[in-house]
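Participant: Please find entry-v8.csv (CSV, C-alpha atoms) on the next line:
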chain,number,residue,atom,x,y,z
P,164,GLU,CA,-4.4,-9.8,-9.1
P,165,GLU,CA,-5.2,-13.4,-8.2
P,166,PHE,CA,-2.3,-15.4,-6.8
P,167,LEU,CA,-3.2,-19.1,-7.6
P,168,ILE,CA,-1.7,-21.8,-5.5
P,169,ASP,CA,-2.3,-25.3,-6.8
P,170,SER,CA,-1.2,-27.3,-3.8
P,171,LEU,CA,0.0,-27.0,-0.3
P,172,GLN,CA,3.5,-27.9,-1.4
P,173,GLN,CA,3.5,-25.0,-3.8
P,174,ALA,CA,2.2,-22.7,-1.1
P,175,LEU,CA,5.0,-23.6,1.2
P,176,ALA,CA,7.6,-23.2,-1.6
P,177,VAL,CA,6.3,-19.8,-2.6
P,178,PHE,CA,6.3,-18.3,0.9
P,179,GLU,CA,9.5,-20.0,2.1
P,180,THR,CA,11.4,-17.5,0.0
P,181,VAL,CA,10.2,-14.6,2.1
P,182,GLU,CA,9.7,-16.2,5.5
P,183,GLU,CA,13.1,-15.3,6.8
P,184,GLN,CA,12.9,-11.7,5.6
P,185,ASP,CA,10.1,-10.7,8.0
P,186,TYR,CA,7.8,-9.5,5.3
P,187,SER,CA,4.0,-9.4,5.4
P,188,LEU,CA,1.5,-10.0,2.5
P,189,HIS,CA,0.3,-6.7,1.0
P,190,LEU,CA,-3.1,-6.7,-0.8
P,191,ASP,CA,-4.2,-3.6,-2.7
P,192,GLY,CA,-8.0,-3.7,-2.1
P,193,ILE,CA,-8.7,-3.8,-5.8
P,194,ASP,CA,-8.1,-7.3,-7.2
P,195,ASP,CA,-5.3,-8.9,-5.0
P,196,TYR,CA,-6.0,-12.2,-3.2
P,197,ILE,CA,-4.6,-15.7,-2.7
P,198,ASP,CA,-6.4,-18.7,-4.3
P,199,PHE,CA,-5.4,-21.9,-2.5
P,200,GLY,CA,-7.5,-24.0,-4.8
P,201,ASP,CA,-9.9,-26.6,-3.5
P,202,ASN,CA,-7.4,-28.0,-1.1
P,203,PHE,CA,-9.3,-27.7,2.2
P,204,ASN,CA,-12.5,-29.4,3.1
P,205,LEU,CA,-12.6,-28.6,6.8
P,206,GLU,CA,-15.2,-29.9,9.1
P,207,LEU,CA,-16.2,-28.6,12.6
P,208,PRO,CA,-14.4,-27.7,14.7
P,209,VAL,CA,-11.9,-25.3,13.1
P,210,SER,CA,-9.6,-22.5,14.1
P,211,PHE,CA,-8.1,-19.7,12.1
P,212,SER,CA,-5.4,-17.2,13.1
P,213,PHE,CA,-3.9,-14.2,11.2
P,214,ASP,CA,-2.3,-10.8,11.8
P,215,ILE,CA,-4.1,-7.9,10.1
P,216,ASN,CA,-3.3,-4.3,9.4
P,217,MET,CA,-6.1,-2.4,7.6
P,218,ASN,CA,-5.4,0.5,5.3
P,219,SER,CA,-9.0,1.5,4.7
P,220,SER,CA,-12.4,1.1,6.5
P,221,GLU,CA,-14.5,2.0,3.4
P,222,LEU,CA,-15.8,-1.5,2.6
P,223,PRO,CA,-18.7,-2.9,4.6
P,224,HIS,CA,-16.8,-6.2,5.1
P,225,TYR,CA,-13.3,-7.3,4.5
P,226,TYR,CA,-13.6,-11.0,3.9
P,227,ILE,CA,-10.3,-12.3,5.0
P,228,ILE,CA,-11.1,-16.0,4.8
P,229,SER,CA,-13.6,-17.9,2.6
P,230,SER,CA,-13.2,-21.7,2.2
P,231,ASP,CA,-15.6,-21.9,-0.8
P,232,SER,CA,-15.6,-18.8,-2.8
P,233,GLU,CA,-16.1,-18.7,-6.6
P,234,MET,CA,-15.0,-15.1,-7.0
P,235,THR,CA,-17.2,-14.5,-10.1
P,236,GLY,CA,-20.0,-12.5,-8.5
P,237,SER,CA,-22.1,-15.5,-7.5
P,238,ASP,CA,-23.3,-15.9,-3.9
P,239,SER,CA,-21.1,-18.0,-1.7
P,240,ASN,CA,-22.9,-17.2,1.5
P,241,TYR,CA,-24.1,-20.6,2.3
P,242,TRP,CA,-21.0,-22.7,1.7
P,243,GLY,CA,-18.1,-23.4,3.9
P,244,PHE,CA,-16.4,-21.1,6.4
P,245,ALA,CA,-15.8,-17.4,6.3
P,246,VAL,CA,-14.3,-14.7,8.5
P,247,SER,CA,-14.7,-11.0,7.9
P,248,VAL,CA,-13.1,-8.0,9.7
P,249,THR,CA,-13.9,-4.3,9.8
P,250,THR,CA,-12.8,-1.6,12.2
P,251,ASP,CA,-16.0,-2.2,14.3
P,252,LEU,CA,-17.0,-5.8,13.6
P,253,ILE,CA,-15.4,-9.3,13.4
P,254,GLU,CA,-17.8,-11.9,12.1
P,255,ALA,CA,-17.4,-15.7,11.4
P,256,GLY,CA,-19.8,-18.1,9.9
P,257,TYR,CA,-20.4,-21.4,8.1
P,258,GLY,CA,-23.0,-22.5,5.6
P,259,ASP,CA,-24.8,-25.8,5.0
P,260,SER,CA,-25.4,-25.2,1.2
P,261,GLY,CA,-29.0,-24.2,1.7
P,262,PHE,CA,-30.5,-20.9,0.9
P,263,ALA,CA,-31.4,-17.8,3.0
P,264,GLY,CA,-30.0,-16.7,6.4
P,265,GLY,CA,-31.2,-19.7,8.4
P,266,HIS,CA,-28.7,-21.9,6.5
P,267,ARG,CA,-25.7,-19.9,7.7
P,268,ARG,CA,-24.5,-20.1,11.3
P,269,THR,CA,-22.9,-16.9,12.5
P,270,GLY,CA,-21.1,-15.5,15.5
P,271,ARG,CA,-19.7,-11.9,15.8
P,272,THR,CA,-18.1,-9.5,18.1
P,273,TYR,CA,-18.3,-5.7,18.0
P,274,VAL,CA,-14.8,-4.1,18.2
P,275,ASN,CA,-13.0,-0.8,17.9
P,276,LEU,CA,-9.9,-1.4,15.7
P,277,ASP,CA,-7.7,1.3,14.4
P,278,GLN,CA,-6.5,1.5,10.8
P,279,ASN,CA,-2.7,1.0,10.2
P,280,VAL,CA,-2.3,-0.9,13.4
P,281,TRP,CA,-1.3,-4.6,13.6
P,282,TYR,CA,-3.7,-6.9,15.4
P,283,ASN,CA,-3.7,-10.7,15.8
P,284,ILE,CA,-7.1,-12.2,15.2
P,285,LYS,CA,-8.0,-15.8,16.2
P,286,VAL,CA,-11.4,-17.4,15.4
P,287,VAL,CA,-12.5,-20.8,16.9
P,288,ILE,CA,-15.7,-22.3,15.4
P,289,ILE,CA,-17.0,-25.3,17.3
P,290,GLY,CA,-20.7,-25.3,16.3
P,291,PRO,CA,-24.0,-23.3,16.5
P,292,GLU,CA,-23.6,-20.4,19.0
P,293,ASN,CA,-20.3,-21.8,20.0
P,294,PHE,CA,-17.7,-19.5,18.5
P,295,PHE,CA,-14.7,-17.8,20.1
P,296,ILE,CA,-12.9,-14.7,18.8
P,297,TYR,CA,-9.7,-13.4,20.2
P,298,ILE,CA,-7.9,-10.0,19.5
P,299,ASP,CA,-4.3,-10.1,20.5
P,300,ASN,CA,-5.1,-13.3,22.5
P,301,GLN,CA,-7.9,-11.6,24.5
P,302,SER,CA,-11.2,-13.3,24.3
P,303,GLN,CA,-14.1,-11.1,23.0
P,304,ILE,CA,-17.8,-11.0,23.9
P,305,MET,CA,-19.7,-13.0,21.4
P,306,ASN,CA,-23.0,-11.9,19.8
P,307,TYR,CA,-25.5,-14.4,18.4
P,308,ASP,CA,-28.4,-12.1,17.5
P,309,ASP,CA,-28.5,-13.7,14.0
P,310,PRO,CA,-27.2,-17.2,14.7
P,311,GLY,CA,-29.0,-19.0,11.8
P,312,GLN,CA,-30.5,-22.5,12.0
P,313,GLY,CA,-28.3,-24.4,9.5
P,314,GLY,CA,-27.0,-27.9,9.7
P,315,ASP,CA,-23.4,-29.2,9.3
P,316,VAL,CA,-20.9,-27.3,7.2
P,317,ALA,CA,-21.0,-28.1,3.5
P,318,HIS,CA,-18.3,-27.6,0.8
P,319,ASN,CA,-18.2,-27.3,-3.0
P,320,SER,CA,-15.4,-27.3,-5.5
P,321,TRP,CA,-14.8,-23.6,-5.3
P,322,PRO,CA,-11.4,-22.5,-4.0
P,323,PHE,CA,-10.3,-21.4,-0.5
P,324,THR,CA,-9.5,-17.7,-0.8
P,325,PHE,CA,-7.4,-15.5,1.6
P,326,GLY,CA,-7.9,-11.8,1.3
P,327,ALA,CA,-11.1,-11.7,-0.7
P,328,ALA,CA,-14.5,-13.4,-1.1
P,329,ASP,CA,-17.8,-13.0,-2.9
P,330,TRP,CA,-20.1,-13.8,0.0
P,331,ASN,CA,-22.4,-10.9,-0.9
P,332,SER,CA,-22.7,-11.6,-4.6
P,333,THR,CA,-20.0,-9.0,-5.4
P,334,PRO,CA,-16.4,-9.8,-4.7
P,335,THR,CA,-14.7,-7.7,-2.1
P,336,PHE,CA,-10.9,-7.4,-1.7
P,337,PHE,CA,-8.9,-6.6,1.4
P,338,ASP,CA,-6.9,-3.4,1.5
P,339,GLY,CA,-3.9,-3.8,3.8
P,340,ASN,CA,-1.4,-6.3,5.1
P,341,LEU,CA,-1.7,-9.8,6.4
P,342,ASP,CA,0.7,-12.2,8.1
P,343,ASN,CA,1.1,-15.4,10.1
P,344,PHE,CA,-1.9,-17.2,8.7
P,345,GLU,CA,-2.8,-20.5,10.4
P,346,ILE,CA,-5.5,-23.1,9.6
P,347,TRP,CA,-6.3,-25.7,12.2
P,348,ASP,CA,-8.8,-28.6,12.1
P,349,ILE,CA,-9.2,-28.5,15.9
P,350,ALA,CA,-10.7,-26.1,18.3
P,351,LEU,CA,-7.8,-24.3,19.9
P,352,SER,CA,-8.2,-24.1,23.7
P,353,PRO,CA,-7.6,-20.9,25.7
P,354,GLU,CA,-4.4,-22.5,27.0
P,355,GLN,CA,-3.2,-23.2,23.4
P,356,ILE,CA,-4.1,-19.6,22.4
P,357,GLN,CA,-1.9,-18.2,25.1
P,358,SER,CA,0.9,-20.7,24.5
P,359,TYR,CA,1.2,-19.9,20.8
P,360,ALA,CA,1.1,-16.2,21.6
P,361,ILE,CA,4.4,-16.8,23.4
P,362,CYS,CA,5.9,-19.3,21.0
P,363,ALA,CA,4.7,-19.5,17.4
P,364,PRO,CA,3.8,-22.9,16.0
P,365,SER,CA,6.8,-24.9,14.6
P,366,GLY,CA,4.6,-26.3,11.8
P,367,ASN,CA,4.4,-29.8,13.1
P,368,GLU,CA,1.7,-29.4,15.7
P,369,GLU,CA,-1.3,-31.8,15.8
P,370,GLY,CA,-4.3,-30.3,14.0
P,371,LEU,CA,-2.3,-27.6,12.2
P,372,VAL,CA,-3.4,-27.9,8.5
P,373,GLY,CA,-1.4,-24.9,7.2
P,374,TYR,CA,0.9,-22.1,8.5
P,375,TRP,CA,2.2,-19.3,6.4
P,376,ASN,CA,4.6,-16.7,8.0
P,377,PHE,CA,5.0,-14.3,5.1
Rewrite the structure of this file - the entire thing - as C-alpha cells.
Facilitator:
Amino acid sequence: EEFLIDSLQQALAVFETVEEQDYSLHLDGIDDYIDFGDNFNLELPVSFSFDINMNSSELPHYYIISSDSEMTGSDSNYWGFAVSVTTDLIEAGYGDSGFAGGHRRTGRTYVNLDQNVWYNIKVVIIGPENFFIYIDNQSQIMNYDDPGQGGDVAHNSWPFTFGAADWNSTPTFFDGNLDNFEIWDIALSPEQIQSYAICAPSGNEEGLVGYWNF
C-alpha cells in the first residue's frame, strides 16, 4: 500500500505521532512503501542513514531509497539517487538521465548480513568512485568494478520513494522494518558518523534535509 506524503510538513506531522512510542516502520514486501512526492532534488554530495531489519532475502535487491522512481514498471535506473540492500550486498548509485550502464555511477560493498537483525546503514555519495558505506558506523571496503561513466546527477518529476523502487523495470518492495531515516545534502565526515552514533541528530543540524524517527 502506498503511503503518500505531499510535503515535508505532512511527513513530520504523520510521524510525530509515533516518534515517542519507539516504533519502527513495517513494510510487507508486497505493496507497502512511502511516497514523499517530488520534494527532494538533491545534488552531490549527499548522505543517507537508516536502520534496517530484513525479514526475507528472496528478492535480488531491496531498493530502500530511490529519489526519482515512477513505480509503474518503467525504468528509473538512470535518474537520481538509489540505495539497495540485500543480505550480501549494499549498493548505491546515481544517474545522469542517459541510457545504459555508463550513465549510472555505482559503488557497492559485499557484506554478510543476517535476517531479523537490526543494522544501521549509512551511505555517503560524493562523486564518481567516491562513495562510503558504513554498517553500524564501521566503514566498509568499496568496490567499483562497474562504476559507470555518467555525468552529474539528474532528476525528474517522479517521487522520492522509501522502501520500494522500480530501478529494474519491475517495482520491488522491501520486506521488513525500517527506522531512523536521515537525508543530508552534505557528505558526512567520519567524525560526524561517529558523533551521531553516540547522539542522534536533534533535527536542526546544518545539511540535514529530513529526519524521521518512526
Participant: Work out how far CA of Asn300 in chain P is from CA of Pro353 in chain P, in Å to one decimal.
Facilitator: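 Between CA of Pro353 in chain P and CA of Asn300 in chain P the gap is 8.6 Å.
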Participant: Between P:Ala245, P:Leu351, P:Ile215, P:Val287, which one has atoms that come closest to Asp299 in chain P, using all atoms listed in the file?
Facilitator: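 Between P:Ala245, P:Leu351, P:Ile215, P:Val287, the residue approaching Asp299 in chain P most closely is P:Ile215.
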Participant: Write out as a PyMOL selection string each polymer residue whose atoms come within 12 Å of Gln278 in chain P, counting all atoms listed in the file; drop sequence neighbours fewer than 6 positions from it.
Facilitator: chain P and resi 215-221+248-251+338-340
Participant: Have a look at CA of Ser229 in chain P and CA of Gly366 in chain P and let me know their distance in Å, one decimal.
Facilitator: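 These atoms are spaced 22.1 Å apart.
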Participant: If I take CA of Tyr226 in chain P and CA of Pro364 in chain P, how far is one from the other in Å, to one decimal?
Facilitator: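 Going from CA of Tyr226 in chain P over to CA of Pro364 in chain P, I get 24.3 Å.
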Participant: Would you list the contacts of Ile253 in chain P as a list in words, taking every protein, DNA or RNA residue within 6 Å and counting all atoms listed in the file, but skipping same-chain residues closer than 3 positions in sequence?
Facilitator: Ser247, Val248, Arg271 and Thr272 of chain P
Participant: Would you mind telling me which residue in P:Cys362, P:Ala317, P:Leu252, P:Ala328 lies nearest to Thr235 in chain P when using only C-alpha atoms?
Facilitator: P:Ala328
Participant: Contacts of Gly261 in chain P at 9 Å or less, counting only C-alpha atoms, minus same-chain residues fewer than 6 places along, as an mmCIF file with C-alpha atoms, keeping the file's coordinate frame?
Facilitator:
data_model
loop_
_atom_site.group_PDB
_atom_site.id
_atom_site.type_symbol
_atom_site.label_atom_id
_atom_site.label_comp_id
_atom_site.auth_asym_id
_atom_site.auth_seq_id
_atom_site.Cartn_x
_atom_site.Cartn_y
_atom_site.Cartn_z
ATOM 1 C CA TYR P 241 -24.100 -20.600 2.300
ATOM 2 C CA TRP P 242 -21.000 -22.700 1.700
ATOM 3 C CA ARG P 267 -25.700 -19.900 7.700
ATOM 4 C CA GLY P 313 -28.300 -24.400 9.500
#
Participant: Which one of P:Gly256, P:Gly290, P:Pro310, P:Gly192 sits closest to Ala350 in chain P if you count all atoms listed in the file?
Facilitator: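 Once distances to Ala350 in chain P are computed over all atoms listed in the file, the minimum belongs to P:Gly290.
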